[in-house]
Amino acid sequence: MQKGIRNVLMLASLPLAINLAFAAPAEKAAAPAASAAPAAGPTLSAEDKAAAGKTYFERCAGCHGMLRKGATGKNLEPANTAKLGSSRLEKIMSYGTEGGMPNFDDILSKKEIANMATYIQMPAEAPPEWGMKDMKASWKLHVPVAQRPTKQMNNVNLKNVFAVTLRDSGEVALIDGDTKQIWGIVKTGYAVHISRVSASGRYVHVIGRDGRYDLIDMWYEKPTIVATMKAGYEARSVDTSKYKGFEDKYAVVGSYWPPQYAILDGETLEPLKLISTRGVTVDGEYHPEPRVASIVSSHDKPEWVINIKETGMIKLVDYSDINNLKEVTVNSAKFLHDGGWDASKRYFLVAANASNKVAVVDTKEGKLAALVDTAKIPHPGRGANFNHPKYGPVWATSHLGADVISIIGTDPAKNPQHAWKVVQEVKNHGANSLFVKTHPKSKNLWADAPLNPDPKLAGSVTVYNIDDLGNPDPKPQVLDLAAAANLGKTKGIQRVVHGEYNEKGDEVWFSVWTGNKTEPSAIVVVDDKTRTVKNVIKDPRLVTPTGKFNVYNTQRDIY
Ligand code: DHE
């Protein structure tokens with residue numbers, strides 16, 4: 001058996017693929033420790049260390065980094081954590097902070113929290129590399145293009161299908177938005193982070209937190225995975241080529257570890273090119289872990305916007321000739337995370353979250369248009385575009401670190417006095433928000449607060465009437481959607497997360513995510529006009545639903 005294939009089989013047989021990062025097989029030995037070890041310090045048994053390492057990957061690494069150098073979350077290297085000490089660390093982990101750190105006392109036991117407090121006072125270990133050879137060995141073409149259906153073999157209205165992440169079961173549910181029935185569930189990587197839709201609208205591309213990338217073909221009777229590959233040990237982002245003439249030709253996948261992005265064949269996922277993102281930050285200092293955060297595909301040119309978290313560099317990658325790849329590197333601000341297009345799709349707005357800024361890149365000119373100062377830790381998802389009654393075209397974000405929604409002017413041509421400024425800040429019902437949402441056909445602006453330690457706030461959403469935002473004191477409505485889901489009492493907090501519109505823009509779907517996979521979760525469908533609950537989708541197969549991606553809106557970047 002080929003060594004690479006054996007690795008992949010080993011990965012599949014582990015409960016979590018990332019276990020490899022903490023218990024590397026002999027042929028992929030871990031790189032030397034990245035941070036200086038104190039002479040002596042807290043220790044754990046091998047078993048507790050492995051368990052804490054797994055939990056660290058599942059729950060902490062995204063914000064704090066594999067090497068614990070900090071990004072959205074604080075630096076957790078021993079020099080800092082030892083100063084705080086076990087008891088303070090345990091309190092922070094148990095109850096969260098107002099600064100955006102969620103509480104974990106509802107999903108981790110006291111022992112797990114105590115072990116984690118010890119673990120993060122021990123030196124960080126760098127996981128192994130994952131290069132082109134590994135990617136190629138992991139690649140499985142389940143169905144070659146020539147053997148796939150030549151026309152749609154089902155009667156589902158594909159434009160209104162929602163790809164729903166079932167976080168803790170490592171699956172994606174494809175839900176028919178017209179009937180609200182589960183059309184199919186496919187086995188994917190662990191905790192799929194996002195789904196993106198190919199330019200043709202036929203394929204759904206899904207990337208697991210563990211770096212497993214699956215391509216789902218929706219032309220079969222039931223959604224079917226036609227290709228799989230592993231992009232690294234940890235990943236969050238993916239997109240496809242959307243420019244005319246390149247539809248479905250390429251895919252691009254960004255990794256957190258190793259820090260790199262890969263260009264793949266868009267219909268087979270065959271790895272074609274790999275580019276490291278290690279390098280210097282906007283301050284000119286070397287960083288060993290500049291992770292790939294959001295990626296978006298231009299509709300106006302053969303280009304991806306690839307945001308490098310730790311360096312604060314935005315890469316504009318021209319994919320028209322991948323052998324002679326051209327990258328424009330735009331300096332912005334550190335800790336780039338999530339973002340979306342403005343309504344014209346010329347400007348991309350991305351949260352430089354721990355810098356409390358939103359960076360705006362002008363993709364027509366290939367330049368930074370602005371760095372906008374905002375409230376603490378902006379977290380927009382893809383943001384929300386609408387016409388403000390006073391300020392014209394605007395884009396909005398909510399915040400992990402503040403209980404406000406920031407509204408930024410986006411029209412330098414006709415409303416230059418408002419462009420790239422926070423023109424208004426309105427109150428959200430709580431901090432620890434992740435996503436805002438609206439739709440061109442809607443008059444509502446929605447915001448969640450799922451990571452709030454207060455269950456009432458975590459289970460509610462704020463909604464503003466956009467027309468009311470022109471008034472001096474606009475009044476929102478706060479809806480308790482967790483209560484509307486009627487799941488009964490659960491140990492895990494019922495966190496209402498991620499609004500997503502249907503194709504028509506007259507319904508908005510929210511997940512009620514009980515962070516505990518043994519407890520029930522649901523999806524609540526709200527009628528956008530009346531703001532009343534229309535359906536509650538409950539099914540034992542809906543395990544910890546989080547992100548939902550409507551095919552039509554995702555394919556066309558409507559938000
Ligand atoms: Fe996300 C988007 C990273 C935690 C659900 N998340 C993104 C993007 C990044 C990212 C880089 C943008 C992708 C793009 O557009 O190309 N997310 C991270 C983290 O590093 C972080 C903070 C910690 C972690 O460990 O992963 C994190 N994210 C979460 C969650 O806890 C959520 C709620 C559930 C989960 O999967 O663990 C979550 N993130 C989402 C969703 C999106 C997302 C649903 C897509 C939003 C959209 O509308 O496009």
# chains A, B, ... in the order shown; residues from 1 in each chain; ligands from 1
$ closest_atom_pairs --of "region 69-187 of chain A" --to "region 222-227 of chain A" --cutoff "12 Å" --atoms "only C-alpha atoms" --output "JSON lines"
{"residue": "A:Ser138", "atom": "CA", "partner": "A:Ala227", "partner_atom": "CA", "distance": 10.6}
{"residue": "A:Trp139", "atom": "CA", "partner": "A:Ala227", "partner_atom": "CA", "distance": 7.6}
{"residue": "A:Lys140", "atom": "CA", "partner": "A:Ala227", "partner_atom": "CA", "distance": 5.7}
{"residue": "A:Leu141", "atom": "CA", "partner": "A:Ala227", "partner_atom": "CA", "distance": 4.5}
{"residue": "A:His142", "atom": "CA", "partner": "A:Val226", "partner_atom": "CA", "distance": 4.9}
{"residue": "A:Val143", "atom": "CA", "partner": "A:Val226", "partner_atom": "CA", "distance": 5.0}
{"residue": "A:Pro144", "atom": "CA", "partner": "A:Val226", "partner_atom": "CA", "distance": 7.6}
{"residue": "A:Val145", "atom": "CA", "partner": "A:Val226", "partner_atom": "CA", "distance": 8.6}
{"residue": "A:Ala146", "atom": "CA", "partner": "A:Val226", "partner_atom": "CA", "distance": 11.6}
{"residue": "A:Gln147", "atom": "CA", "partner": "A:Val226", "partner_atom": "CA", "distance": 10.1}
{"residue": "A:Arg148", "atom": "CA", "partner": "A:Val226", "partner_atom": "CA", "distance": 8.5}
{"residue": "A:Pro149", "atom": "CA", "partner": "A:Thr224", "partner_atom": "CA", "distance": 11.1}
{"residue": "A:Gln152", "atom": "CA", "partner": "A:Lys222", "partner_atom": "CA", "distance": 10.5}
{"residue": "A:Met153", "atom": "CA", "partner": "A:Lys222", "partner_atom": "CA", "distance": 8.6}
{"residue": "A:Asn154", "atom": "CA", "partner": "A:Lys222", "partner_atom": "CA", "distance": 7.5}
{"residue": "A:Asn155", "atom": "CA", "partner": "A:Lys222", "partner_atom": "CA", "distance": 10.3}
{"residue": "A:Val156", "atom": "CA", "partner": "A:Lys222", "partner_atom": "CA", "distance": 9.6}
{"residue": "A:Leu158", "atom": "CA", "partner": "A:Pro223", "partner_atom": "CA", "distance": 10.6}
{"residue": "A:Val161", "atom": "CA", "partner": "A:Pro223", "partner_atom": "CA", "distance": 10.8}
{"residue": "A:Phe162", "atom": "CA", "partner": "A:Pro223", "partner_atom": "CA", "distance": 11.9}
{"residue": "A:Ala163", "atom": "CA", "partner": "A:Pro223", "partner_atom": "CA", "distance": 10.4}
{"residue": "A:Glu171", "atom": "CA", "partner": "A:Ile225", "partner_atom": "CA", "distance": 11.5}
{"residue": "A:Val172", "atom": "CA", "partner": "A:Pro223", "partner_atom": "CA", "distance": 10.1}
{"residue": "A:Ala173", "atom": "CA", "partner": "A:Pro223", "partner_atom": "CA", "distance": 9.3}
{"residue": "A:Leu174", "atom": "CA", "partner": "A:Pro223", "partner_atom": "CA", "distance": 7.4}
{"residue": "A:Ile175", "atom": "CA", "partner": "A:Pro223", "partner_atom": "CA", "distance": 10.4}
{"residue": "A:Asp176", "atom": "CA", "partner": "A:Pro223", "partner_atom": "CA", "distance": 11.3}
{"residue": "A:Ile182", "atom": "CA", "partner": "A:Lys222", "partner_atom": "CA", "distance": 10.5}
{"residue": "A:Trp183", "atom": "CA", "partner": "A:Lys222", "partner_atom": "CA", "distance": 6.9}
{"residue": "A:Gly184", "atom": "CA", "partner": "A:Pro223", "partner_atom": "CA", "distance": 6.0}
{"residue": "A:Ile185", "atom": "CA", "partner": "A:Pro223", "partner_atom": "CA", "distance": 7.6}
{"residue": "A:Val186", "atom": "CA", "partner": "A:Thr224", "partner_atom": "CA", "distance": 7.2}
{"residue": "A:Lys187", "atom": "CA", "partner": "A:Ile225", "partner_atom": "CA", "distance": 8.5}
$ residues_around --residues "Cys63 (chain A)" --least-positions-apart "4" --cutoff "12 Å" --atoms "only C-alpha atoms" --output "PyMOL selection string"
chain A and resi 56-59+67-76+100-102+236+256+291+293+309-310+335-337+353-354+377+400
$ select_by_dssp --residues "region 116-295 of chain A" --states "strand (DSSP E or B)" --output "ChimeraX atom specification"
/A:140-141,161-166,171-176,182-187,194-197,203-207,212-217,224-230,234-240,250-257,260-265,271-276,279-280,286-287,292-295
$ select_by_dssp --residues "region 40-258 of chain A" --states "alpha helix (DSSP H)" --output "ChimeraX atom specification"
/A:46-55,61-64,78-95,110-119,132-138
$ residues_around --residues "Asp480 (chain A)" --least-positions-apart "6" --cutoff "8 Å" --atoms "only C-alpha atoms" --output "PyMOL selection string"
chain A and resi 456+459-461
$ write_last_selection --atoms "C-alpha atoms" --output "short mmCIF file (atom, residue, chain, number, x, y, z; two decimals), in the first residue's frame"
data_model
loop_
_atom_site.label_atom_id
_atom_site.label_comp_id
_atom_site.auth_asym_id
_atom_site.auth_seq_id
_atom_site.Cartn_x
_atom_site.Cartn_y
_atom_site.Cartn_z
CA LYS A 456 -31.07 34.40 27.04
CA GLY A 459 -30.65 32.40 22.18
CA SER A 460 -31.95 35.70 20.79
CA VAL A 461 -31.55 37.81 17.67
#
$ residues_around --residues "Thr240 (chain A)" --least-positions-apart "2" --cutoff "12 Å" --atoms "only C-alpha atoms" --output "MDAnalysis selection string"
chainID A and resid 195:201 203:206 215 237:238 242:243 246:254 262:267 269 295:299 302:305 319 554:556
$ residues_around --residues "Asn486 (chain A)" --least-positions-apart "3" --cutoff "12 Å" --atoms "only C-alpha atoms" --output "ChimeraX atom specification"
/A:459,480-483,489-490,494,512,520-524,533,535-538
$ residues_around --residues "Asn432 (chain A)" --least-positions-apart "2" --cutoff "8 Å" --atoms "only C-alpha atoms" --output "mmCIF file with N, CA and C atoms, in the first residue's frame"
data_model
loop_
_atom_site.group_PDB
_atom_site.id
_atom_site.type_symbol
_atom_site.label_atom_id
_atom_site.label_comp_id
_atom_site.auth_asym_id
_atom_site.auth_seq_id
_atom_site.Cartn_x
_atom_site.Cartn_y
_atom_site.Cartn_z
ATOM 1 N N GLU A 98 -16.193 39.383 28.569
ATOM 2 C CA GLU A 98 -16.938 40.357 27.763
ATOM 3 C C GLU A 98 -16.196 40.667 26.473
ATOM 4 N N GLY A 99 -14.899 40.360 26.455
ATOM 5 C CA GLY A 99 -14.075 40.671 25.279
ATOM 6 C C GLY A 99 -14.289 39.713 24.124
ATOM 7 N N GLY A 100 -15.188 38.739 24.248
ATOM 8 C CA GLY A 100 -15.489 37.859 23.127
ATOM 9 C C GLY A 100 -15.163 36.394 23.376
ATOM 10 N N MET A 101 -14.465 36.078 24.470
ATOM 11 C CA MET A 101 -14.158 34.671 24.791
ATOM 12 C C MET A 101 -15.446 33.987 25.283
ATOM 13 N N PRO A 102 -15.880 32.914 24.611
ATOM 14 C CA PRO A 102 -17.103 32.249 25.068
ATOM 15 C C PRO A 102 -16.866 31.410 26.326
ATOM 16 N N HIS A 399 -20.227 42.494 16.173
ATOM 17 C CA HIS A 399 -18.929 42.414 16.856
ATOM 18 C C HIS A 399 -18.908 41.298 17.891
ATOM 19 N N LEU A 400 -17.743 40.649 17.971
ATOM 20 C CA LEU A 400 -17.530 39.695 19.067
ATOM 21 C C LEU A 400 -17.313 40.446 20.382
ATOM 22 N N GLY A 401 -16.665 41.606 20.291
ATOM 23 C CA GLY A 401 -16.227 42.286 21.509
ATOM 24 C C GLY A 401 -17.075 43.467 21.926
ATOM 25 N N ALA A 402 -18.200 43.741 21.264
ATOM 26 C CA ALA A 402 -19.030 44.894 21.643
ATOM 27 C C ALA A 402 -20.474 44.616 21.248
ATOM 28 N N ASP A 403 -21.415 45.220 22.001
ATOM 29 C CA ASP A 403 -22.826 44.941 21.719
ATOM 30 C C ASP A 403 -23.398 45.969 20.750
ATOM 31 N N GLY A 430 -26.616 41.955 22.492
ATOM 32 C CA GLY A 430 -25.505 41.468 23.311
ATOM 33 C C GLY A 430 -24.218 41.514 22.505
ATOM 34 N N LEU A 434 -21.657 36.898 16.042
ATOM 35 C CA LEU A 434 -20.857 36.366 14.933
ATOM 36 C C LEU A 434 -21.334 36.841 13.561
ATOM 37 N N ALA A 449 -26.017 36.734 18.586
ATOM 38 C CA ALA A 449 -25.010 36.899 19.661
ATOM 39 C C ALA A 449 -24.744 35.526 20.286
ATOM 40 N N PRO A 450 -24.405 34.519 19.434
ATOM 41 C CA PRO A 450 -24.417 33.130 19.906
ATOM 42 C C PRO A 450 -23.365 32.786 20.953
ATOM 43 N N LEU A 451 -22.268 33.541 20.977
ATOM 44 C CA LEU A 451 -21.211 33.164 21.923
ATOM 45 C C LEU A 451 -21.347 33.908 23.249
ATOM 46 N N ASN A 452 -22.476 34.575 23.450
ATOM 47 C CA ASN A 452 -22.680 35.276 24.717
ATOM 48 C C ASN A 452 -22.870 34.261 25.842
#
$ residues_around --residues "Lys437 (chain A)" --least-positions-apart "2" --cutoff "9 Å" --atoms "only C-alpha atoms" --output "list in words"
Pro380, Gly381, Arg382, Gly383, Ala384, Asn385, Ala396, Thr397, Phe435, His439, Asn444, Leu445, Trp446, Ala447, His498, Gly499, Glu500, Tyr501, Val508 and Tyr559 of chain A
$ write_last_selection --atoms "C-alpha atoms" --output "mmCIF file, in the first residue's frame"
data_model
loop_
_atom_site.group_PDB
_atom_site.id
_atom_site.type_symbol
_atom_site.label_atom_id
_atom_site.label_comp_id
_atom_site.auth_asym_id
_atom_site.auth_seq_id
_atom_site.Cartn_x
_atom_site.Cartn_y
_atom_site.Cartn_z
ATOM 1 C CA PRO A 380 -19.314 40.166 9.894
ATOM 2 C CA GLY A 381 -19.502 36.686 8.344
ATOM 3 C CA ARG A 382 -20.013 38.038 4.829
ATOM 4 C CA GLY A 383 -21.656 41.209 6.197
ATOM 5 C CA ALA A 384 -24.926 42.818 5.114
ATOM 6 C CA ASN A 385 -25.423 45.283 2.216
ATOM 7 C CA ALA A 396 -22.768 46.263 8.198
ATOM 8 C CA THR A 397 -20.919 44.101 10.692
ATOM 9 C CA PHE A 435 -23.133 37.234 12.028
ATOM 10 C CA HIS A 439 -31.203 40.457 1.559
ATOM 11 C CA ASN A 444 -34.738 43.764 7.891
ATOM 12 C CA LEU A 445 -31.224 43.759 9.307
ATOM 13 C CA TRP A 446 -30.577 40.785 11.621
ATOM 14 C CA ALA A 447 -27.779 40.150 14.139
ATOM 15 C CA HIS A 498 -26.063 32.453 11.438
ATOM 16 C CA GLY A 499 -29.064 33.918 9.634
ATOM 17 C CA GLU A 500 -29.359 32.872 5.991
ATOM 18 C CA TYR A 501 -32.047 33.887 3.486
ATOM 19 C CA VAL A 508 -34.528 33.842 7.064
ATOM 20 C CA TYR A 559 -25.902 39.238 1.191
#
$ closest_residue --among "A:Gln181, A:Thr165, A:Asn356, A:Asn157" --to "ligand 1" --atoms "only C-alpha atoms and all ligand atoms"
A:Thr165
$ closest_residue --among "A:Asn415, A:Ser109, A:Thr546, A:Asn323" --to "ligand 1" --atoms "only C-alpha atoms and all ligand atoms"
A:Thr546
$ decode --residues "region 232-247 of chain A" --atoms "C-alpha atoms" --output "compact mmCIF listing (two decimals), in the first residue's frame"
# COMPACT_ATOMS: atom_id res chain seq x y z
CA GLY A 232 -3.86 20.23 5.61
CA TYR A 233 -4.51 19.59 9.29
CA GLU A 234 -6.70 22.60 9.88
CA ALA A 235 -8.64 24.72 7.40
CA ARG A 236 -11.52 27.19 7.19
CA SER A 237 -11.94 28.54 3.66
CA VAL A 238 -12.60 27.54 0.09
CA ASP A 239 -13.90 29.11 -3.12
CA THR A 240 -14.03 28.42 -6.84
CA SER A 241 -13.22 30.28 -10.07
CA LYS A 242 -16.25 32.40 -10.98
CA TYR A 243 -15.00 34.59 -13.82
CA LYS A 244 -16.50 34.09 -17.30
CA GLY A 245 -14.60 31.37 -19.15
CA PHE A 246 -13.27 29.86 -15.89
CA GLU A 247 -16.60 28.67 -14.42
